[in-house]
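Novice: Pasting target17.tsv below, which is TSV, C-alpha atoms.
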chain	number	residue	atom	x	y	z
A	1	MET	CA	-5.30	43.31	5.14
A	2	PHE	CA	-7.33	40.30	4.08
A	3	LYS	CA	-5.67	40.32	0.68
A	4	LYS	CA	-2.25	40.32	2.33
A	5	ALA	CA	-3.24	37.39	4.52
A	6	VAL	CA	-4.40	35.48	1.45
A	7	ASN	CA	-1.10	36.25	-0.27
A	8	VAL	CA	0.80	34.89	2.72
A	9	ILE	CA	-1.34	31.75	2.81
A	10	GLU	CA	-0.73	31.21	-0.90
A	11	VAL	CA	3.00	31.44	-0.34
A	12	LEU	CA	2.71	28.97	2.54
A	13	ALA	CA	0.75	26.60	0.30
A	14	LEU	CA	3.49	26.85	-2.31
A	15	VAL	CA	6.08	26.05	0.34
A	16	ALA	CA	3.93	23.13	1.49
A	17	ALA	CA	3.73	21.84	-2.09
A	18	LEU	CA	7.51	22.01	-2.38
A	19	GLY	CA	7.85	20.26	0.97
A	20	PHE	CA	5.43	17.61	-0.29
A	21	ALA	CA	7.62	16.95	-3.31
A	22	VAL	CA	10.82	16.93	-1.27
A	23	ALA	CA	9.32	14.58	1.33
A	24	LEU	CA	8.27	12.14	-1.37
A	25	ALA	CA	11.68	12.30	-3.01
A	26	ARG	CA	13.60	11.89	0.24
A	27	GLY	CA	11.29	9.13	1.37
A	28	SER	CA	11.85	7.41	-1.93
A	29	ASP	CA	15.61	7.40	-1.30
A	30	SER	CA	15.48	6.20	2.25
A	31	GLY	CA	12.36	4.15	2.47
A	32	SER	CA	11.83	2.47	-0.82
A	33	GLY	CA	12.14	-1.26	-0.57
A	34	ALA	CA	12.65	-1.22	3.15
A	35	GLY	CA	10.90	-4.17	4.61
A	36	ALA	CA	8.46	-2.85	7.11
A	37	GLY	CA	9.23	-5.68	9.45
A	38	GLU	CA	12.92	-5.03	9.68
A	39	SER	CA	12.85	-4.53	13.40
A	40	GLY	CA	11.43	-8.02	13.66
A	41	SER	CA	9.02	-7.49	16.53
A	42	GLY	CA	5.35	-8.17	16.01
A	43	ALA	CA	4.45	-4.74	17.34
A	44	ALA	CA	6.77	-2.97	14.91
A	45	ILE	CA	5.56	-5.05	12.00
A	46	TYR	CA	1.97	-4.35	12.97
A	47	SER	CA	2.62	-0.62	13.28
A	48	SER	CA	4.28	-0.45	9.88
A	49	ASN	CA	2.00	-2.72	7.91
A	50	CYS	CA	-1.36	-3.13	9.55
A	51	ALA	CA	-2.16	-0.12	11.73
A	52	SER	CA	-3.09	2.18	8.85
A	53	CYS	CA	-6.15	0.02	8.17
A	54	HIS	CA	-6.80	-1.82	11.43
A	55	GLY	CA	-5.96	1.06	13.79
A	56	ASN	CA	-3.11	1.66	16.22
A	57	SER	CA	-4.60	-0.55	18.88
A	58	GLY	CA	-6.52	-2.81	16.54
A	59	GLN	CA	-9.73	-0.86	16.96
A	60	GLY	CA	-10.50	-1.11	13.26
A	61	GLY	CA	-10.84	1.46	10.53
A	62	VAL	CA	-10.70	0.55	6.86
A	63	GLY	CA	-10.13	-2.99	8.05
A	64	PRO	CA	-12.10	-4.76	10.78
A	65	GLU	CA	-11.33	-4.60	14.48
A	66	LEU	CA	-8.60	-7.07	15.50
A	67	GLY	CA	-7.91	-6.15	19.12
A	68	ASP	CA	-9.73	-7.18	22.24
A	69	GLY	CA	-9.75	-10.79	21.10
A	70	LYS	CA	-11.75	-10.11	17.93
A	71	VAL	CA	-9.15	-11.69	15.66
A	72	VAL	CA	-9.11	-14.87	17.75
A	73	GLU	CA	-12.89	-15.02	17.51
A	74	ALA	CA	-12.70	-14.68	13.74
A	75	TYR	CA	-9.79	-17.09	13.34
A	76	PRO	CA	-9.66	-19.58	16.23
A	77	ASP	CA	-6.86	-21.37	14.39
A	78	ALA	CA	-3.82	-19.10	14.05
A	79	ALA	CA	-2.88	-20.87	10.83
A	80	ASP	CA	-5.99	-19.40	9.20
A	81	GLU	CA	-4.94	-15.90	10.18
A	82	VAL	CA	-1.44	-16.54	8.89
A	83	ALA	CA	-2.95	-17.61	5.57
A	84	VAL	CA	-5.02	-14.42	5.33
A	85	VAL	CA	-2.03	-12.21	6.09
A	86	LYS	CA	0.07	-14.09	3.57
A	87	GLN	CA	-2.47	-14.31	0.76
A	88	GLY	CA	-4.76	-11.37	1.44
A	89	LEU	CA	-8.48	-11.30	0.87
A	90	GLY	CA	-10.09	-11.02	-2.54
A	91	GLY	CA	-12.02	-8.07	-3.88
A	92	GLY	CA	-9.51	-5.54	-2.62
A	93	ARG	CA	-10.53	-6.16	0.97
A	94	MET	CA	-6.96	-6.79	2.13
A	95	PRO	CA	-3.64	-6.91	0.31
A	96	ALA	CA	-1.39	-9.98	0.45
A	97	PHE	CA	1.68	-9.54	2.61
A	98	GLY	CA	3.37	-12.77	1.54
A	99	GLY	CA	5.64	-10.88	-0.83
A	100	ARG	CA	6.64	-8.25	1.69
A	101	LEU	CA	7.01	-10.14	4.92
A	102	ASP	CA	8.75	-13.46	5.39
A	103	ASP	CA	7.17	-16.36	7.27
A	104	GLU	CA	8.85	-15.45	10.52
A	105	GLU	CA	7.61	-11.87	10.36
A	106	ILE	CA	4.08	-12.98	9.55
A	107	ARG	CA	4.09	-15.38	12.49
A	108	ALA	CA	5.39	-12.59	14.72
A	109	VAL	CA	2.68	-10.14	13.72
A	110	VAL	CA	-0.06	-12.75	13.92
A	111	ASP	CA	1.11	-13.69	17.39
A	112	TYR	CA	1.11	-10.01	18.35
A	113	THR	CA	-2.46	-9.50	17.16
A	114	ARG	CA	-3.65	-12.56	19.08
A	115	THR	CA	-1.86	-11.99	22.38
A	116	GLN	CA	-1.12	-8.32	22.88
A	117	LEU	CA	-3.04	-6.09	20.50
A	118	GLY	CA	-5.68	-4.07	22.30
A	119	ASN	CA	-5.49	-6.32	25.34
B	1	MET	CA	20.59	47.83	-29.60
B	2	ALA	CA	16.96	47.05	-30.35
B	3	THR	CA	15.97	46.08	-33.83
B	4	PRO	CA	13.18	48.28	-35.17
B	5	ASN	CA	10.99	45.39	-36.31
B	6	ALA	CA	11.20	43.37	-33.12
B	7	ALA	CA	7.83	42.87	-31.47
B	8	PRO	CA	8.23	44.29	-27.95
B	9	THR	CA	5.80	41.93	-26.23
B	10	ALA	CA	5.93	38.87	-28.43
B	11	ARG	CA	4.15	35.90	-26.88
B	12	PRO	CA	4.14	32.36	-28.15
B	13	ALA	CA	1.13	31.52	-30.28
B	14	LEU	CA	-1.97	30.47	-28.36
B	15	PRO	CA	-1.81	26.80	-29.37
B	16	VAL	CA	1.77	26.67	-28.13
B	17	ARG	CA	0.81	28.21	-24.81
B	18	LEU	CA	-2.12	25.85	-24.40
B	19	LEU	CA	0.13	22.94	-25.23
B	20	GLY	CA	2.64	24.19	-22.66
B	21	LEU	CA	-0.06	24.28	-19.97
B	22	LEU	CA	-1.22	20.82	-20.92
B	23	LEU	CA	2.29	19.43	-20.85
B	24	ALA	CA	2.98	20.98	-17.45
B	25	GLY	CA	-0.13	19.37	-16.00
B	26	ALA	CA	0.59	16.06	-17.69
B	27	ALA	CA	4.12	16.09	-16.30
B	28	VAL	CA	2.81	16.46	-12.75
B	29	SER	CA	0.18	13.73	-13.17
B	30	VAL	CA	2.57	11.32	-14.83
B	31	ALA	CA	5.29	12.01	-12.27
B	32	LEU	CA	2.92	11.22	-9.39
B	33	GLY	CA	1.59	8.15	-11.16
B	34	VAL	CA	5.07	6.80	-11.88
B	35	TYR	CA	6.23	7.57	-8.35
B	36	SER	CA	3.27	5.86	-6.74
B	37	ASP	CA	3.75	2.83	-8.95
B	38	VAL	CA	7.52	2.51	-8.64
B	39	HIS	CA	7.83	3.41	-4.96
B	40	ASP	CA	7.32	0.44	-2.65
B	41	PRO	CA	4.33	1.37	-0.47
B	42	THR	CA	5.34	1.22	3.15
B	43	GLY	CA	1.89	0.60	4.61
B	44	GLU	CA	2.90	2.86	7.47
B	45	GLN	CA	0.54	5.14	9.32
B	46	THR	CA	3.22	7.87	8.95
B	47	TYR	CA	1.22	10.38	10.99
B	48	THR	CA	-2.18	10.94	12.52
B	49	LEU	CA	-1.80	14.68	13.19
B	50	PHE	CA	-4.22	15.31	16.05
B	51	PHE	CA	-6.55	12.45	15.11
B	52	THR	CA	-6.70	9.01	16.71
B	53	ALA	CA	-5.91	7.16	13.46
B	54	THR	CA	-4.55	7.97	10.03
B	55	ILE	CA	-7.73	6.92	8.31
B	56	ASN	CA	-9.76	9.33	10.46
B	57	PHE	CA	-7.53	12.26	9.60
B	58	LYS	CA	-7.65	11.37	5.91
B	59	VAL	CA	-11.44	11.19	5.79
B	60	TRP	CA	-11.78	14.49	7.64
B	61	PHE	CA	-9.12	16.35	5.69
B	62	ALA	CA	-10.48	15.16	2.34
B	63	THR	CA	-13.93	16.30	3.40
B	64	VAL	CA	-12.65	19.70	4.48
B	65	ALA	CA	-10.81	20.01	1.16
B	66	VAL	CA	-14.04	19.33	-0.72
B	67	PHE	CA	-15.83	21.90	1.43
B	68	PHE	CA	-13.31	24.58	0.50
B	69	ALA	CA	-13.42	23.47	-3.13
B	70	LEU	CA	-17.18	23.90	-3.03
B	71	VAL	CA	-16.74	27.41	-1.65
B	72	GLN	CA	-14.34	28.10	-4.47
B	73	ILE	CA	-16.62	26.82	-7.20
B	74	LEU	CA	-19.56	28.82	-5.80
B	75	THR	CA	-17.52	32.02	-5.53
B	76	ALA	CA	-16.23	31.42	-9.06
B	77	MET	CA	-19.79	31.09	-10.32
B	78	ARG	CA	-20.66	34.40	-8.68
B	79	LEU	CA	-17.56	36.10	-10.05
B	80	PHE	CA	-18.40	34.83	-13.55
B	81	GLY	CA	-22.03	35.93	-13.14
B	82	LYS	CA	-23.47	32.43	-13.33
B	83	ILE	CA	-25.29	32.93	-10.06
B	84	HIS	CA	-26.50	36.19	-8.56
B	85	ILE	CA	-26.27	35.60	-4.85
B	86	PRO	CA	-25.28	37.91	-3.33
B	87	ARG	CA	-26.80	40.53	-5.60
B	88	GLN	CA	-23.73	42.78	-5.32
B	89	VAL	CA	-20.31	41.19	-5.65
B	90	PRO	CA	-18.42	42.04	-2.46
B	91	ARG	CA	-14.92	43.41	-2.94
B	92	TRP	CA	-13.49	40.60	-0.90
B	93	LEU	CA	-15.10	37.80	-2.87
B	94	GLY	CA	-12.11	37.36	-5.15
B	95	ASP	CA	-9.84	36.95	-2.16
B	96	VAL	CA	-12.23	34.44	-0.58
B	97	HIS	CA	-12.15	32.58	-3.88
B	98	ARG	CA	-8.35	32.44	-3.83
B	99	LEU	CA	-8.23	31.55	-0.15
B	100	SER	CA	-10.71	28.70	-0.46
B	101	GLY	CA	-8.80	27.16	-3.35
B	102	THR	CA	-5.53	27.47	-1.49
B	103	LEU	CA	-6.98	25.86	1.61
B	104	ALA	CA	-8.54	23.04	-0.41
B	105	PHE	CA	-5.14	22.35	-1.91
B	106	GLY	CA	-3.44	22.62	1.48
B	107	PHE	CA	-5.79	20.15	3.12
B	108	SER	CA	-5.35	17.70	0.26
B	109	LEU	CA	-1.56	17.53	0.55
B	110	PRO	CA	-1.12	15.46	3.74
B	111	VAL	CA	-3.81	13.07	2.54
B	112	ALA	CA	-2.11	12.67	-0.82
B	113	TYR	CA	1.24	12.20	0.84
B	114	HIS	CA	-0.04	9.24	2.82
B	115	CYS	CA	-1.68	7.78	-0.28
B	116	LEU	CA	1.48	8.06	-2.33
B	117	TRP	CA	3.94	7.11	0.37
B	118	ALA	CA	2.13	4.39	2.30
B	119	LEU	CA	-0.34	2.93	-0.18
B	120	GLY	CA	0.94	3.63	-3.69
B	121	PHE	CA	-0.86	3.15	-6.98
B	122	GLN	CA	-3.33	0.30	-6.64
B	123	SER	CA	-5.76	-1.35	-9.02
B	124	THR	CA	-7.30	-4.04	-6.84
B	125	ASP	CA	-10.84	-3.03	-7.86
B	126	THR	CA	-12.62	-0.35	-9.86
B	127	ARG	CA	-12.99	2.05	-6.95
B	128	VAL	CA	-9.34	1.84	-5.99
B	129	LEU	CA	-8.18	2.14	-9.59
B	130	ALA	CA	-10.39	5.18	-10.19
B	131	HIS	CA	-9.11	6.75	-6.97
B	132	SER	CA	-5.49	6.17	-7.97
B	133	LEU	CA	-5.94	7.50	-11.51
B	134	VAL	CA	-8.02	10.54	-10.62
B	135	GLY	CA	-5.74	11.29	-7.66
B	136	CYS	CA	-2.83	11.69	-10.05
B	137	PHE	CA	-4.99	13.59	-12.54
B	138	PHE	CA	-6.11	16.04	-9.85
B	139	TYR	CA	-2.69	17.53	-9.19
B	140	GLY	CA	-2.03	17.77	-12.90
B	141	ILE	CA	-5.22	19.64	-13.65
B	142	PHE	CA	-4.67	21.76	-10.54
B	143	THR	CA	-1.28	22.74	-11.97
B	144	VAL	CA	-2.93	23.73	-15.23
B	145	LYS	CA	-5.48	25.79	-13.33
B	146	VAL	CA	-2.91	27.68	-11.29
B	147	LEU	CA	-0.83	28.40	-14.39
B	148	SER	CA	-3.96	29.48	-16.29
B	149	VAL	CA	-4.86	31.94	-13.55
B	150	ARG	CA	-1.38	33.42	-13.73
B	151	SER	CA	-1.34	33.64	-17.53
B	152	HIS	CA	-2.86	36.40	-19.64
B	153	GLY	CA	-4.54	36.30	-23.00
B	154	LEU	CA	-5.94	32.81	-22.71
B	155	PRO	CA	-9.42	31.98	-24.03
B	156	ASP	CA	-12.30	32.84	-21.71
B	157	TRP	CA	-13.53	29.27	-21.65
B	158	LEU	CA	-10.28	27.82	-20.37
B	159	LEU	CA	-10.42	28.79	-16.71
B	160	PRO	CA	-14.01	27.63	-16.08
B	161	LEU	CA	-13.25	24.40	-17.90
B	162	VAL	CA	-10.08	23.69	-15.96
B	163	GLY	CA	-11.58	24.87	-12.68
B	164	GLY	CA	-14.61	22.66	-13.18
B	165	ALA	CA	-12.43	19.68	-14.04
B	166	THR	CA	-10.33	20.28	-10.93
B	167	PHE	CA	-13.42	20.38	-8.75
B	168	ALA	CA	-14.89	17.31	-10.43
B	169	ALA	CA	-11.65	15.39	-9.93
B	170	LEU	CA	-11.59	16.25	-6.23
B	171	VAL	CA	-15.19	15.13	-5.84
B	172	VAL	CA	-14.40	11.80	-7.52
B	173	ILE	CA	-11.39	11.33	-5.23
B	174	TRP	CA	-13.52	12.13	-2.20
B	175	THR	CA	-16.37	9.88	-3.32
B	176	THR	CA	-14.06	6.92	-3.89
B	177	SER	CA	-12.41	7.34	-0.50
B	178	SER	CA	-14.20	9.31	2.22
B	179	VAL	CA	-17.75	8.66	1.04
B	180	TRP	CA	-16.92	5.01	0.45
B	181	PHE	CA	-15.53	4.86	3.98
B	182	TRP	CA	-18.70	6.38	5.47
B	183	THR	CA	-20.91	3.93	3.69
B	184	GLU	CA	-18.78	0.96	4.73
B	185	PHE	CA	-17.78	1.90	8.26
B	186	GLY	CA	-19.70	5.02	9.26
B	187	PHE	CA	-18.46	8.54	9.70
B	188	PRO	CA	-15.22	8.41	11.70
B	189	SER	CA	-14.64	10.20	14.96
B	190	PHE	CA	-11.60	12.37	15.43
Step by step, read the file and then write its structure as structure tokens.

Specialist:
Amino acid sequence: MFKKAVNVIEVLALVAALGFAVALARGSDSGSGAGAGESGSGAAIYSSNCASCHGNSGQGGVGPELGDGKVVEAYPDAADEVAVVKQGLGGGRMPAFGGRLDDEEIRAVVDYTRTQLGN
Amino acid sequence: MATPNAAPTARPALPVRLLGLLLAGAAVSVALGVYSDVHDPTGEQTYTLFFTATINFKVWFATVAVFFALVQILTAMRLFGKIHIPRQVPRWLGDVHRLSGTLAFGFSLPVAYHCLWALGFQSTDTRVLAHSLVGCFFYGIFTVKVLSVRSHGLPDWLLPLVGGATFAALVVIWTTSSVWFWTEFGFPSF
């Protein structure tokens, strides 16, 4: 009985591995090169580019907390935050988004983090 | 009509079979490395499963994968007689060994998917570069291990070597991601 269950789980793992490969391949077709800020809204840009490190509501994670006014405390001048988003932070702390987002998108996401995120 | 001199169970020579295993593993590692380098990382969260953030699920899943890998390495050591606890080898130990390896692999997949899809191959510092390289190596050596288990007539040293390398690779991946995260930000909640 246990052996049969293990056999079934092994088959499921094989199926999962195939699904993994297919998902990567399909994603590569449809998603590669797609600018994450295509929808244009600060919230969408944040969700696609920033949330994986800073958290869905800016609560922090790999990156520091941004919501609840924390980003305004850290960067009272929005231009400084724009510069960080555009150029990144050294030492692998944060990647530069200047090559992936245009100026308008960066301004939109910065505005979103300062006015709506986690508020 | 069979020829009288034909060997009924002819296998390729051992070096050829070992080379075949190596090439299969290398193909997987190189394919993942090329994909993660060529594919534009989306930076998306993609999914959180039942966790509050992607990073939380990744830290937890990687840790669970290492736990199951540890179970597998310990059961392997018992099966190979390197440790003697328990004194008698239970009949089910081999199945537990298989199950733990399968689960370790299963828990690693969604984590690896996010790494490959959303983050890509990165070399911003030593930790990140090591994580990217060993991440690709892991699935290659795992492929070699699975194929070695399914093959017959291979040298006795091969499976422990490949199994140990697979475990070591997973530990390096975990150390350069989950453990790094704990030390920098604390152990994440769900």

Novice: Write out as CSV the residues of chain B that have any atom within 9 Å of an atom of chain A, one row each with the nearest atom pair and its distance in Å to one decimal, counting all atoms listed in the file, sorted by chain and then rising number.

Specialist:
residue,atom,partner,partner_atom,distance
B:Tyr35,CA,A:Ser28,CA,8.5
B:Val38,CA,A:Ser32,CA,8.9
B:His39,CA,A:Ser32,CA,5.8
B:Asp40,CA,A:Ser32,CA,5.3
B:Pro41,CA,A:Ser32,CA,7.6
B:Thr42,CA,A:Ala36,CA,6.5
B:Gly43,CA,A:Asn49,CA,4.7
B:Glu44,CA,A:Ser48,CA,4.3
B:Gln45,CA,A:Ser52,CA,4.7
B:Thr46,CA,A:Ser48,CA,8.4
B:Thr52,CA,A:Asn56,CA,8.2
B:Ala53,CA,A:Gly55,CA,6.1
B:Thr54,CA,A:Ser52,CA,6.1
B:Ile55,CA,A:Ser52,CA,6.7
B:Asn56,CA,A:Gly61,CA,7.9
B:Trp92,CA,A:Phe2,CA,7.9
B:Asp95,CA,A:Lys3,CA,6.1
B:Val96,CA,A:Val6,CA,8.2
B:Arg98,CA,A:Val6,CA,7.3
B:Leu99,CA,A:Val6,CA,5.7
B:Thr102,CA,A:Glu10,CA,6.1
B:Leu103,CA,A:Ala13,CA,7.9
B:Phe105,CA,A:Ala13,CA,7.6
B:Gly106,CA,A:Ala13,CA,5.9
B:Leu109,CA,A:Phe20,CA,7.0
B:Pro110,CA,A:Phe20,CA,8.0
B:Tyr113,CA,A:Phe20,CA,6.9
B:Leu116,CA,A:Leu24,CA,8.0
B:Trp117,CA,A:Leu24,CA,6.9
B:Ala118,CA,A:Ser52,CA,8.7
B:Ser123,CA,A:Gly92,CA,8.5
B:Thr124,CA,A:Gly92,CA,5.0
B:Asp125,CA,A:Gly92,CA,6.0
B:Val128,CA,A:Gly92,CA,8.1
B:Phe181,CA,A:Val62,CA,7.1
B:Glu184,CA,A:Val62,CA,8.4
B:Phe185,CA,A:Gly61,CA,7.3
B:Pro188,CA,A:Gly61,CA,8.3

Novice: Which is closest to Val16 in chain B among B:Trp182, B:Gly81, B:Leu154, B:Val34, if we use only C-alpha atoms?

Specialist: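 Of all the options, B:Leu154 lies closest to Val16 in chain B.
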
Novice: Given all atoms listed in the file as the basis, pick out the residue of B:Ala165, B:Ala31, B:Val171, B:Leu21 nearest to Leu70 in chain B.

Specialist: B:Val171

Novice: Looking at A:Leu89, A:Ser41, A:Val110, A:Met1, which one is nearest to Asp77 in chain A, with distances taken over only C-alpha atoms?

Specialist: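 Nearest candidate to Asp77 in chain A out of A:Leu89, A:Ser41, A:Val110, A:Met1: A:Val110.
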
Novice: Check the smallest atom-to-atom distance from each of A:Val15, A:Tyr75, A:Lys86, A:Gly67 to Thr113 in chain A using all atoms listed in the file, then report the winner.

Specialist: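 For Thr113 in chain A, the nearest of the given residues is A:Gly67.
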
Novice: One decimal, Å: what's the distance from CA of Gln87 in chain A over to CA of Val111 in chain B, could you say?

Specialist: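 Separation between CA of Gln87 in chain A and CA of Val111 in chain B: 27.5 Å.
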
Novice: Distance CA of Ala43 in chain A-CA of Ala78 in chain A, one decimal place?

Specialist: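 Between CA of Ala43 in chain A and CA of Ala78 in chain A the gap is 16.9 Å.
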
Novice: Can you work out the spacing between CA of Gly99 in chain A and CA of Glu81 in chain A in Å, to one decimal?

Specialist: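 It comes out at 16.1 Å.
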
Novice: Considering only C-alpha atoms, return as a PyMOL selection string whatever protein or nucleic-acid residues lie within 12 Å of Arg17 in chain B, sequence-local ones (same chain, fewer than 4 positions apart) excluded.

Specialist: chain B and resi 11-13+21-24+144+147-148+151-155+158
